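Peer 1: Handing over my_file_8.cif, mmCIF, C-alpha atoms; chains and numbers go by the auth columns.
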data_entry
#
loop_
_atom_site.group_PDB
_atom_site.id
_atom_site.type_symbol
_atom_site.label_atom_id
_atom_site.label_comp_id
_atom_site.label_asym_id
_atom_site.label_seq_id
_atom_site.Cartn_x
_atom_site.Cartn_y
_atom_site.Cartn_z
_atom_site.B_iso_or_equiv
_atom_site.auth_seq_id
_atom_site.auth_asym_id
ATOM 1 C CA MET A 1 34.523 179.285 39.720 0.00 6 L
ATOM 2 C CA ARG A 2 36.662 182.300 40.189 0.00 7 L
ATOM 3 C CA PHE A 3 35.495 185.876 40.473 0.00 8 L
ATOM 4 C CA SER A 4 38.530 187.618 39.178 0.00 9 L
ATOM 5 C CA THR A 5 36.948 191.038 38.931 0.00 10 L
ATOM 6 C CA TRP A 6 35.057 191.194 42.191 0.00 11 L
ATOM 7 C CA TRP A 7 38.031 192.601 43.935 0.00 12 L
ATOM 8 C CA ASP A 8 39.183 196.088 43.220 0.00 13 L
ATOM 9 C CA PRO A 9 42.227 195.513 45.300 0.00 14 L
ATOM 10 C CA PHE A 10 44.301 198.327 46.517 0.00 15 L
ATOM 11 C CA ALA A 11 43.095 201.166 44.405 0.00 16 L
ATOM 12 C CA GLU A 12 44.533 204.492 43.270 0.00 17 L
ATOM 13 C CA LEU A 13 46.298 205.251 46.500 0.00 18 L
ATOM 14 C CA GLU A 14 48.550 202.356 45.779 0.00 19 L
ATOM 15 C CA ALA A 15 49.527 203.557 42.328 0.00 20 L
ATOM 16 C CA LEU A 16 50.677 206.790 43.816 0.00 21 L
ATOM 17 C CA GLN A 17 52.496 204.943 46.515 0.00 22 L
ATOM 18 C CA ARG A 18 54.307 202.781 44.064 0.00 23 L
ATOM 19 C CA ALA A 19 55.647 205.896 42.419 0.00 24 L
ATOM 20 C CA VAL A 20 56.747 207.238 45.769 0.00 25 L
ATOM 21 C CA ASN A 21 58.294 203.919 46.663 0.00 26 L
ATOM 22 C CA ARG A 22 60.356 203.884 43.521 0.00 27 L
ATOM 23 C CA LEU A 23 61.882 207.084 44.754 0.00 28 L
ATOM 24 C CA PHE A 24 62.644 205.523 48.095 0.00 29 L
ATOM 25 C CA GLU A 25 64.095 202.431 46.563 0.00 30 L
ATOM 26 C CA SER A 26 67.210 204.414 45.966 0.00 31 L
ATOM 27 C CA PHE A 27 67.330 205.215 49.674 0.00 32 L
ATOM 28 C CA LEU A 28 70.794 203.778 49.931 0.00 33 L
ATOM 29 C CA GLY A 29 72.397 206.555 48.006 0.00 34 L
ATOM 30 C CA GLU A 30 72.543 208.099 44.598 0.00 35 L
ATOM 31 C CA GLY A 31 71.399 205.001 42.805 0.00 36 L
ATOM 32 C CA GLU A 32 74.438 203.021 43.859 0.00 37 L
ATOM 33 C CA GLU A 33 74.015 199.291 43.844 0.00 38 L
ATOM 34 C CA VAL A 34 74.339 197.579 47.192 0.00 39 L
ATOM 35 C CA SER A 35 74.728 193.825 47.250 0.00 40 L
ATOM 36 C CA TYR A 36 72.230 191.853 49.323 0.00 41 L
ATOM 37 C CA PRO A 37 71.956 192.007 52.268 0.00 42 L
ATOM 38 C CA PRO A 38 72.595 195.673 53.067 0.00 43 L
ATOM 39 C CA VAL A 39 74.807 196.029 56.139 0.00 44 L
ATOM 40 C CA ASN A 40 75.967 198.582 58.641 0.00 45 L
ATOM 41 C CA VAL A 41 79.469 198.191 59.994 0.00 46 L
ATOM 42 C CA CYS A 42 80.400 199.998 63.164 0.00 47 L
ATOM 43 C CA ASP A 43 83.883 200.248 64.673 0.00 48 L
ATOM 44 C CA LYS A 44 83.528 200.190 68.443 0.00 49 L
ATOM 45 C CA GLY A 45 87.199 200.362 69.275 0.00 50 L
ATOM 46 C CA ASP A 46 87.842 196.817 70.393 0.00 51 L
ATOM 47 C CA ALA A 47 85.289 195.174 68.104 0.00 52 L
ATOM 48 C CA TYR A 48 83.362 195.575 64.872 0.00 53 L
ATOM 49 C CA VAL A 49 79.606 195.234 64.880 0.00 54 L
ATOM 50 C CA VAL A 50 77.908 194.215 61.657 0.00 55 L
ATOM 51 C CA LYS A 51 74.168 194.539 61.262 0.00 56 L
ATOM 52 C CA ALA A 52 72.563 192.970 58.211 0.00 57 L
ATOM 53 C CA TRP A 53 68.945 193.459 57.164 0.00 58 L
ATOM 54 C CA LEU A 54 67.593 190.004 56.477 0.00 59 L
ATOM 55 C CA PRO A 55 63.819 190.178 57.000 0.00 60 L
ATOM 56 C CA GLY A 56 62.047 186.898 56.409 0.00 61 L
ATOM 57 C CA VAL A 57 65.207 184.810 56.429 0.00 62 L
ATOM 58 C CA LYS A 58 65.271 181.862 58.768 0.00 63 L
ATOM 59 C CA LYS A 59 68.189 181.734 61.205 0.00 64 L
ATOM 60 C CA GLU A 60 69.084 178.232 60.050 0.00 65 L
ATOM 61 C CA ASP A 61 69.320 179.414 56.450 0.00 66 L
ATOM 62 C CA VAL A 62 72.230 181.765 57.148 0.00 67 L
ATOM 63 C CA ASN A 63 75.910 180.794 57.221 0.00 68 L
ATOM 64 C CA LEU A 64 78.709 182.936 58.545 0.00 69 L
ATOM 65 C CA THR A 65 82.407 182.496 57.857 0.00 70 L
ATOM 66 C CA VAL A 66 85.218 184.572 59.338 0.00 71 L
ATOM 67 C CA LEU A 67 88.663 184.544 57.820 0.00 72 L
ATOM 68 C CA GLY A 68 91.438 187.038 58.560 0.00 73 L
ATOM 69 C CA ASN A 69 89.764 190.395 58.187 0.00 74 L
ATOM 70 C CA THR A 70 86.659 189.283 56.304 0.00 75 L
ATOM 71 C CA LEU A 71 83.188 188.109 57.206 0.00 76 L
ATOM 72 C CA THR A 72 81.172 186.175 54.663 0.00 77 L
ATOM 73 C CA ILE A 73 77.396 186.127 55.013 0.00 78 L
ATOM 74 C CA GLN A 74 75.662 183.627 52.809 0.00 79 L
ATOM 75 C CA GLY A 75 72.384 181.815 52.714 0.00 80 L
ATOM 76 C CA GLU A 76 69.018 181.689 51.115 0.00 81 L
ATOM 77 C CA LYS A 77 65.843 183.626 51.562 0.00 82 L
ATOM 78 C CA LYS A 78 63.087 181.128 50.952 0.00 83 L
ATOM 79 C CA GLU A 79 59.690 182.028 49.615 0.00 84 L
ATOM 80 C CA PRO A 80 56.709 181.043 51.776 0.00 85 L
ATOM 81 C CA ASP A 81 54.687 178.271 50.216 0.00 86 L
ATOM 82 C CA VAL A 82 51.262 179.808 49.698 0.00 87 L
ATOM 83 C CA LYS A 83 48.687 178.816 47.118 0.00 88 L
ATOM 84 C CA GLY A 84 46.878 181.791 45.709 0.00 89 L
ATOM 85 C CA ASN A 85 46.805 184.574 43.230 0.00 90 L
ATOM 86 C CA PHE A 86 49.554 187.130 43.785 0.00 91 L
ATOM 87 C CA PHE A 87 48.791 190.634 42.632 0.00 92 L
ATOM 88 C CA ARG A 88 51.712 192.341 44.262 0.00 93 L
ATOM 89 C CA ARG A 89 55.213 190.921 44.426 0.00 94 L
ATOM 90 C CA GLU A 90 57.773 193.407 45.612 0.00 95 L
ATOM 91 C CA ARG A 91 59.831 191.220 47.927 0.00 96 L
ATOM 92 C CA SER A 92 62.733 189.286 46.538 0.00 97 L
ATOM 93 C CA PHE A 93 63.886 185.796 47.363 0.00 98 L
ATOM 94 C CA GLY A 94 66.766 183.524 46.568 0.00 99 L
ATOM 95 C CA PRO A 95 70.363 182.831 47.525 0.00 100 L
ATOM 96 C CA PHE A 96 72.677 185.595 48.691 0.00 101 L
ATOM 97 C CA HIS A 97 76.380 186.007 49.335 0.00 102 L
ATOM 98 C CA LYS A 98 78.172 189.010 50.728 0.00 103 L
ATOM 99 C CA VAL A 99 81.712 189.614 51.915 0.00 104 L
ATOM 100 C CA VAL A 100 82.408 192.361 54.439 0.00 105 L
ATOM 101 C CA GLU A 101 86.004 193.462 54.807 0.00 106 L
ATOM 102 C CA PHE A 102 87.431 195.114 57.921 0.00 107 L
ATOM 103 C CA PRO A 103 90.470 197.374 58.161 0.00 108 L
ATOM 104 C CA ALA A 104 91.995 195.055 60.795 0.00 109 L
ATOM 105 C CA GLU A 105 92.039 191.356 61.591 0.00 110 L
ATOM 106 C CA VAL A 106 89.379 189.920 63.858 0.00 111 L
ATOM 107 C CA ASP A 107 89.522 187.135 66.406 0.00 112 L
ATOM 108 C CA ALA A 108 87.496 184.419 64.701 0.00 113 L
ATOM 109 C CA GLU A 109 87.202 182.416 67.941 0.00 114 L
ATOM 110 C CA LYS A 110 85.333 185.170 69.708 0.00 115 L
ATOM 111 C CA VAL A 111 82.791 186.113 67.055 0.00 116 L
ATOM 112 C CA THR A 112 79.169 186.029 68.196 0.00 117 L
ATOM 113 C CA ALA A 113 75.984 186.341 66.148 0.00 118 L
ATOM 114 C CA ARG A 114 72.353 186.983 66.958 0.00 119 L
ATOM 115 C CA TYR A 115 69.237 187.195 64.796 0.00 120 L
ATOM 116 C CA LYS A 116 66.283 189.256 65.954 0.00 121 L
ATOM 117 C CA ASP A 117 63.422 191.121 64.257 0.00 122 L
ATOM 118 C CA GLY A 118 64.911 190.372 60.843 0.00 123 L
ATOM 119 C CA ILE A 119 68.287 191.849 61.688 0.00 124 L
ATOM 120 C CA LEU A 120 71.437 189.768 61.980 0.00 125 L
ATOM 121 C CA THR A 121 73.963 191.273 64.399 0.00 126 L
ATOM 122 C CA VAL A 122 77.511 189.931 64.324 0.00 127 L
ATOM 123 C CA THR A 123 80.047 191.113 66.897 0.00 128 L
ATOM 124 C CA LEU A 124 83.652 190.547 65.874 0.00 129 L
ATOM 125 C CA PRO A 125 86.288 191.390 68.504 0.00 130 L
ATOM 126 C CA LYS A 126 89.484 192.668 66.942 0.00 131 L
ATOM 127 C CA ALA A 127 92.563 190.477 67.065 0.00 132 L
ATOM 128 C CA GLU A 128 94.830 191.371 69.981 0.00 133 L
ATOM 129 C CA THR A 129 97.402 192.929 67.655 0.00 134 L
ATOM 130 C CA ALA A 130 94.772 195.028 65.942 0.00 135 L
ATOM 131 C CA LYS A 131 93.313 196.665 69.031 0.00 136 L
ATOM 132 C CA PRO A 132 93.873 200.364 69.397 0.00 137 L
ATOM 133 C CA ARG A 133 96.701 201.300 71.759 0.00 138 L
ATOM 134 C CA GLN A 134 97.350 204.482 73.551 0.00 139 L
ATOM 135 C CA ILE A 135 100.828 205.720 72.839 0.00 140 L
ATOM 136 C CA THR A 136 102.296 207.986 75.432 0.00 141 L
ATOM 137 C CA VAL A 137 104.576 210.687 74.241 0.00 142 L
ATOM 138 C CA GLU A 138 107.526 210.962 76.464 0.00 143 L
ATOM 139 C CA THR A 139 108.937 214.337 77.200 0.00 144 L
ATOM 140 C CA GLU A 140 112.558 214.878 77.833 0.00 145 L
ATOM 141 C CA THR A 141 113.375 216.823 80.894 0.00 146 L
ATOM 142 C CA GLU A 142 116.279 219.082 80.831 0.00 147 L
ATOM 143 C CA MET B 1 53.637 236.575 66.941 0.00 23 P
ATOM 144 C CA ALA B 2 53.012 232.971 66.164 0.00 24 P
ATOM 145 C CA GLU B 3 55.289 230.373 67.429 0.00 25 P
ATOM 146 C CA ARG B 4 57.134 228.511 64.751 0.00 26 P
ATOM 147 C CA GLU B 5 55.887 225.025 64.363 0.00 27 P
ATOM 148 C CA GLU B 6 58.433 222.342 64.801 0.00 28 P
ATOM 149 C CA VAL B 7 58.718 220.199 61.716 0.00 29 P
ATOM 150 C CA ARG B 8 59.213 216.559 62.445 0.00 30 P
ATOM 151 C CA ARG B 9 61.247 215.023 59.705 0.00 31 P
ATOM 152 C CA VAL B 10 61.005 211.288 59.625 0.00 32 P
ATOM 153 C CA ARG B 11 62.841 209.434 56.932 0.00 33 P
ATOM 154 C CA ARG B 12 60.487 207.183 55.052 0.00 34 P
ATOM 155 C CA LEU B 13 61.937 203.758 54.433 0.00 35 P
ATOM 156 C CA TYR B 14 61.254 201.433 51.550 0.00 36 P
ATOM 157 C CA MET B 15 58.935 198.625 52.591 0.00 37 P
ATOM 158 C CA PRO B 16 58.311 195.983 49.942 0.00 38 P
ATOM 159 C CA VAL B 17 55.044 194.030 50.149 0.00 39 P
ATOM 160 C CA ASP B 18 53.618 190.870 48.661 0.00 40 P
ATOM 161 C CA ILE B 19 49.866 190.499 48.408 0.00 41 P
ATOM 162 C CA CYS B 20 48.140 187.223 47.690 0.00 42 P
ATOM 163 C CA GLU B 21 44.484 186.380 47.257 0.00 43 P
ATOM 164 C CA THR B 22 43.187 183.036 48.366 0.00 44 P
ATOM 165 C CA ASP B 23 39.611 181.751 48.551 0.00 45 P
ATOM 166 C CA GLU B 24 39.496 182.736 52.214 0.00 46 P
ATOM 167 C CA GLY B 25 40.896 186.215 51.885 0.00 47 P
ATOM 168 C CA ILE B 26 43.965 188.295 51.322 0.00 48 P
ATOM 169 C CA ILE B 27 47.389 187.771 52.819 0.00 49 P
ATOM 170 C CA LEU B 28 49.800 190.684 52.906 0.00 50 P
ATOM 171 C CA TRP B 29 53.466 190.471 53.840 0.00 51 P
ATOM 172 C CA ALA B 30 55.470 193.601 54.544 0.00 52 P
ATOM 173 C CA GLU B 31 59.182 193.710 55.270 0.00 53 P
ATOM 174 C CA MET B 32 60.091 195.938 58.174 0.00 54 P
ATOM 175 C CA PRO B 33 63.415 194.833 59.677 0.00 55 P
ATOM 176 C CA GLY B 34 64.129 196.056 63.188 0.00 56 P
ATOM 177 C CA VAL B 35 60.534 196.976 63.982 0.00 57 P
ATOM 178 C CA LYS B 36 59.297 195.699 67.336 0.00 58 P
ATOM 179 C CA LYS B 37 55.688 194.923 68.126 0.00 59 P
ATOM 180 C CA GLU B 38 55.363 198.058 70.253 0.00 60 P
ATOM 181 C CA ASP B 39 56.645 200.253 67.415 0.00 61 P
ATOM 182 C CA LEU B 40 54.143 198.939 64.926 0.00 62 P
ATOM 183 C CA GLU B 41 50.767 200.472 64.287 0.00 63 P
ATOM 184 C CA ILE B 42 48.099 198.926 62.112 0.00 64 P
ATOM 185 C CA ARG B 43 44.932 200.914 61.715 0.00 65 P
ATOM 186 C CA VAL B 44 41.763 200.351 59.737 0.00 66 P
ATOM 187 C CA GLU B 45 39.566 203.351 59.196 0.00 67 P
ATOM 188 C CA GLY B 46 36.673 202.999 56.807 0.00 68 P
ATOM 189 C CA ASN B 47 38.233 201.144 53.925 0.00 69 P
ATOM 190 C CA GLU B 48 41.701 202.431 54.537 0.00 70 P
ATOM 191 C CA LEU B 49 44.368 200.213 55.999 0.00 71 P
ATOM 192 C CA ARG B 50 47.432 201.957 57.322 0.00 72 P
ATOM 193 C CA ILE B 51 50.670 200.360 58.433 0.00 73 P
ATOM 194 C CA VAL B 52 53.352 202.349 60.241 0.00 74 P
ATOM 195 C CA GLY B 53 56.473 200.889 61.799 0.00 75 P
ATOM 196 C CA ARG B 54 59.238 202.875 63.396 0.00 76 P
ATOM 197 C CA VAL B 55 62.822 201.792 63.625 0.00 77 P
ATOM 198 C CA LYS B 56 65.887 203.166 65.343 0.00 78 P
ATOM 199 C CA GLU B 57 69.324 201.641 65.597 0.00 79 P
ATOM 200 C CA GLU B 58 71.474 202.756 68.470 0.00 80 P
ATOM 201 C CA GLU B 59 75.095 201.863 68.145 0.00 81 P
ATOM 202 C CA GLU B 60 77.910 203.898 69.489 0.00 82 P
ATOM 203 C CA GLY B 61 81.044 204.006 67.459 0.00 83 P
ATOM 204 C CA ARG B 62 82.306 204.993 64.073 0.00 84 P
ATOM 205 C CA TYR B 63 80.387 203.758 61.055 0.00 85 P
ATOM 206 C CA LEU B 64 82.626 202.240 58.399 0.00 86 P
ATOM 207 C CA LEU B 65 79.757 201.182 56.189 0.00 87 P
ATOM 208 C CA ASN B 66 76.206 202.472 56.273 0.00 88 P
ATOM 209 C CA GLU B 67 73.944 200.687 53.843 0.00 89 P
ATOM 210 C CA CYS B 68 70.916 200.365 56.137 0.00 90 P
ATOM 211 C CA PRO B 69 69.145 203.426 57.499 0.00 91 P
ATOM 212 C CA THR B 70 69.618 203.748 61.248 0.00 92 P
ATOM 213 C CA GLU B 71 66.368 205.587 61.803 0.00 93 P
ATOM 214 C CA GLY B 72 63.106 205.983 59.979 0.00 94 P
ATOM 215 C CA GLU B 73 59.573 204.896 59.365 0.00 95 P
ATOM 216 C CA PHE B 74 58.057 202.159 57.240 0.00 96 P
ATOM 217 C CA ARG B 75 54.709 203.485 56.146 0.00 97 P
ATOM 218 C CA ARG B 76 52.059 202.493 53.618 0.00 98 P
ATOM 219 C CA THR B 77 48.347 202.889 53.165 0.00 99 P
ATOM 220 C CA PHE B 78 46.102 200.533 51.249 0.00 100 P
ATOM 221 C CA THR B 79 42.478 200.691 50.254 0.00 101 P
ATOM 222 C CA ILE B 80 40.615 197.553 51.138 0.00 102 P
ATOM 223 C CA SER B 81 37.489 196.279 49.463 0.00 103 P
ATOM 224 C CA ASP B 82 34.074 196.018 51.129 0.00 104 P
ATOM 225 C CA GLU B 83 34.390 192.275 50.720 0.00 105 P
ATOM 226 C CA ILE B 84 36.891 192.227 53.565 0.00 106 P
ATOM 227 C CA ASP B 85 35.782 191.427 57.064 0.00 107 P
ATOM 228 C CA ALA B 86 37.715 194.283 58.691 0.00 108 P
ATOM 229 C CA ALA B 87 36.829 193.212 62.215 0.00 109 P
ATOM 230 C CA ASN B 88 38.722 189.979 61.787 0.00 110 P
ATOM 231 C CA ILE B 89 42.028 191.125 60.333 0.00 111 P
ATOM 232 C CA ARG B 90 44.895 189.316 62.011 0.00 112 P
ATOM 233 C CA ALA B 91 48.501 190.455 62.272 0.00 113 P
ATOM 234 C CA LYS B 92 51.667 188.506 62.969 0.00 114 P
ATOM 235 C CA LEU B 93 55.150 189.964 63.189 0.00 115 P
ATOM 236 C CA ARG B 94 58.038 187.543 62.804 0.00 116 P
ATOM 237 C CA ASP B 95 61.653 187.878 61.704 0.00 117 P
ATOM 238 C CA GLY B 96 61.082 191.435 60.522 0.00 118 P
ATOM 239 C CA VAL B 97 58.105 190.535 58.361 0.00 119 P
ATOM 240 C CA LEU B 98 54.542 191.548 59.099 0.00 120 P
ATOM 241 C CA GLU B 99 51.933 189.069 57.939 0.00 121 P
ATOM 242 C CA LEU B 100 48.404 190.404 57.719 0.00 122 P
ATOM 243 C CA THR B 101 45.495 188.081 57.098 0.00 123 P
ATOM 244 C CA LEU B 102 42.410 189.848 55.791 0.00 124 P
ATOM 245 C CA PRO B 103 39.502 187.406 55.642 0.00 125 P
ATOM 246 C CA LYS B 104 36.734 187.809 53.099 0.00 126 P
ATOM 247 C CA LYS B 105 33.223 188.115 54.372 0.00 127 P
ATOM 248 C CA GLU B 106 31.377 184.846 54.173 0.00 128 P
ATOM 249 C CA GLU B 107 29.215 185.978 51.245 0.00 129 P
ATOM 250 C CA ALA B 108 32.270 187.031 49.262 0.00 130 P
ATOM 251 C CA ARG B 109 33.947 183.639 49.320 0.00 131 P
ATOM 252 C CA PRO B 110 33.662 181.602 46.169 0.00 132 P
ATOM 253 C CA ARG B 111 31.348 178.658 46.506 0.00 133 P
ATOM 254 C CA GLU B 112 31.377 175.441 44.694 0.00 134 P
ATOM 255 C CA ILE B 113 27.879 174.671 43.471 0.00 135 P
ATOM 256 C CA PRO B 114 27.230 170.985 43.152 0.00 136 P
ATOM 257 C CA ILE B 115 25.463 169.940 40.010 0.00 137 P
ATOM 258 C CA GLU B 116 22.910 167.308 40.531 0.00 138 P
ATOM 259 C CA VAL B 117 22.640 164.605 37.987 0.00 139 P
ATOM 260 C CA GLU B 118 19.255 163.285 37.267 0.00 140 P
#
As a first step, turn the structure in this file into structure tokens.

Peer 2:
Amino acid sequence: MRFSTWWDPFAELEALQRAVNRLFESFLGEGEEVSYPPVNVCDKGDAYVVKAWLPGVKKEDVNLTVLGNTLTIQGEKKEPDVKGNFFRRERSFGPFHKVVEFPAEVDAEKVTARYKDGILTVTLPKAETAKPRQITVETETE
Amino acid sequence: MAEREEVRRVRRLYMPVDICETDEGIILWAEMPGVKKEDLEIRVEGNELRIVGRVKEEEEGRYLLNECPTEGEFRRTFTISDEIDAANIRAKLRDGVLELTLPKKEEARPREIPIEVE
């Protein structure tokens, strides 16, 4: 026996919030589509740091490939196996694939990755030839 | 002359949730990547459940791509039913996902009534 109407779940407040959330869904810019997962790429001089938002993804379900000046992040976000009656489903699940391109080549041997609090951080040292160099301007003395 | 009040502008971040009802209660999952336990606040007041999680990314350098906000607040408020045993709500934060278990009060759980056969 199921009491489907006993529960007046998350009332009016939620309806309002959904409207607000729709507004925030476009937080990444003027409605531009960003492929999953969203990433931040930071140039730290001798390395690039990539941070990908992957909440709820298991570490073992992510694969990273580095080739030349690209990093490929692929994997699958698996849905938890729960028996019940869902009345709100806003999260998304499934396979993902994203290629991040850098302006310079990276040293694939030295790439390190870490997953914490739902964020994947990949540090990719630049290839020796791609590292910034200081060029001294010589002055001619008369 | 009154002092001008400082306006704190916190960017509100999109936090998707899944909510599931089982016989035992309600399970809520909320995605809040980057939020640490100490930056998460879960408060029940009356029948209002409020979740706030703050996040801040500190990385020095030049951003080439910025698809994730580097600072902001995940924030949502829900109204919970009287059938929920508010004193026994449990929270678990793992891999950037908050899992809240809201048990139903004993009397609100569906019961199977055995039919006796004569």

Peer 1: Using the chain letters and numbers from the file, give me the residues hit by the PyMOL selection byres ((chain L and resi 91) around 12), as a ChimeraX atom specification.

Peer 2: /L:9,14,87-90,92-96 /P:39-44,47-51

Peer 1: May I have the residues of chain P within 7 Å of chain L, counting only C-alpha atoms, written as a PyMOL selection string?

Peer 2: chain P and resi 35-36+38-44+53-58+82-90+100-103+116-119+132

Peer 1: What is the distance between CA of Gly94 (chain P) and CA of Lys114 (chain P), in Å to one decimal?

Peer 2: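 Computing it gives 21.1 Å between the two atoms.
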
Peer 1: Interatomic distance between CA of Leu76 (chain L) and CA of Glu106 (chain L)?

Peer 2: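 According to the coordinates, CA of Leu76 (chain L) and CA of Glu106 (chain L) are separated by 6.5 Å.
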
Peer 1: Have a look at P:Glu67, P:Glu95, P:Asp61, P:Glu79 and name the one nearest to Arg33 (chain P); count only C-alpha atoms.

Peer 2: P:Glu95

Peer 1: Take CA of Gly80 (chain L) and CA of Tyr41 (chain L) and report the distance between them in Å, one decimal.

Peer 2: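 According to the coordinates, CA of Gly80 (chain L) and CA of Tyr41 (chain L) are separated by 10.6 Å.
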
Peer 1: Check what the PyMOL selection byres ((chain P and resi 127-131) around 7) selects in the file above and give those residues as an mmCIF file with C-alpha atoms, in the coordinates of the input.

Peer 2:
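Resulting contents of selection-v7.cif:
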data_model
loop_
_atom_site.group_PDB
_atom_site.id
_atom_site.type_symbol
_atom_site.label_atom_id
_atom_site.label_comp_id
_atom_site.auth_asym_id
_atom_site.auth_seq_id
_atom_site.Cartn_x
_atom_site.Cartn_y
_atom_site.Cartn_z
ATOM 1 C CA ASP P 45 39.611 181.751 48.551
ATOM 2 C CA GLU P 46 39.496 182.736 52.214
ATOM 3 C CA GLU P 105 34.390 192.275 50.720
ATOM 4 C CA ILE P 106 36.891 192.227 53.565
ATOM 5 C CA ASP P 107 35.782 191.427 57.064
ATOM 6 C CA PRO P 125 39.502 187.406 55.642
ATOM 7 C CA LYS P 126 36.734 187.809 53.099
ATOM 8 C CA PRO P 132 33.662 181.602 46.169
ATOM 9 C CA ARG P 133 31.348 178.658 46.506
#

Peer 1: Work out where the centre of an axis-aligned box around every listed atom of region 68-87 of chain P lies and how long its edges are once 6 Å is added on each side; give both in Å to one decimal as AutoDock Vina command-line options.

Peer 2:
--center_x 59.6 --center_y 202.6 --center_z 61.7 --size_x 58.0 --size_y 16.8 --size_z 27.6

Peer 1: Between P:Glu63, P:Gly75, P:Glu121, P:Ala113, which has the minimum distance to Pro85 (chain L) (counting all atoms listed in the file)?

Peer 2: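 Among the listed residues, the smallest separation from Pro85 (chain L) belongs to P:Glu121.
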
Peer 1: When you look at Ala118 (chain L) with a cut-off of 7 Å (counting only C-alpha atoms), what residues show up, excluding the ones that are within fewer than 3 positions of it in the same chain? I need them as a tab-separated table (two decimals) with C-alpha atoms, in the frame of the given file.

Peer 2:
chain	number	residue	atom	x	y	z
L	126	THR	CA	73.96	191.27	64.40
L	127	VAL	CA	77.51	189.93	64.32
L	128	THR	CA	80.05	191.11	66.90

Peer 1: Can you tell me which residues surround Arg97 (chain P) at a distance of at most 7 Å, considering only C-alpha atoms, apart from same-chain residues fewer than 5 positions away, and format the answer as an mmCIF file with C-alpha atoms, in the frame of the given file?

Peer 2:
data_model
loop_
_atom_site.group_PDB
_atom_site.id
_atom_site.type_symbol
_atom_site.label_atom_id
_atom_site.label_comp_id
_atom_site.auth_asym_id
_atom_site.auth_seq_id
_atom_site.Cartn_x
_atom_site.Cartn_y
_atom_site.Cartn_z
ATOM 1 C CA ARG P 34 60.487 207.183 55.052
ATOM 2 C CA ILE P 73 50.670 200.360 58.433
ATOM 3 C CA VAL P 74 53.352 202.349 60.241
ATOM 4 C CA GLY P 75 56.473 200.889 61.799
#

Peer 1: Choose the residue, out of L:Glu145, L:Pro137, L:Glu84, L:Leu69, that has the smallest atom-to-atom separation from Val104 (chain L); count all atoms listed in the file.

Peer 2: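 Nearest to Val104 (chain L): L:Leu69.
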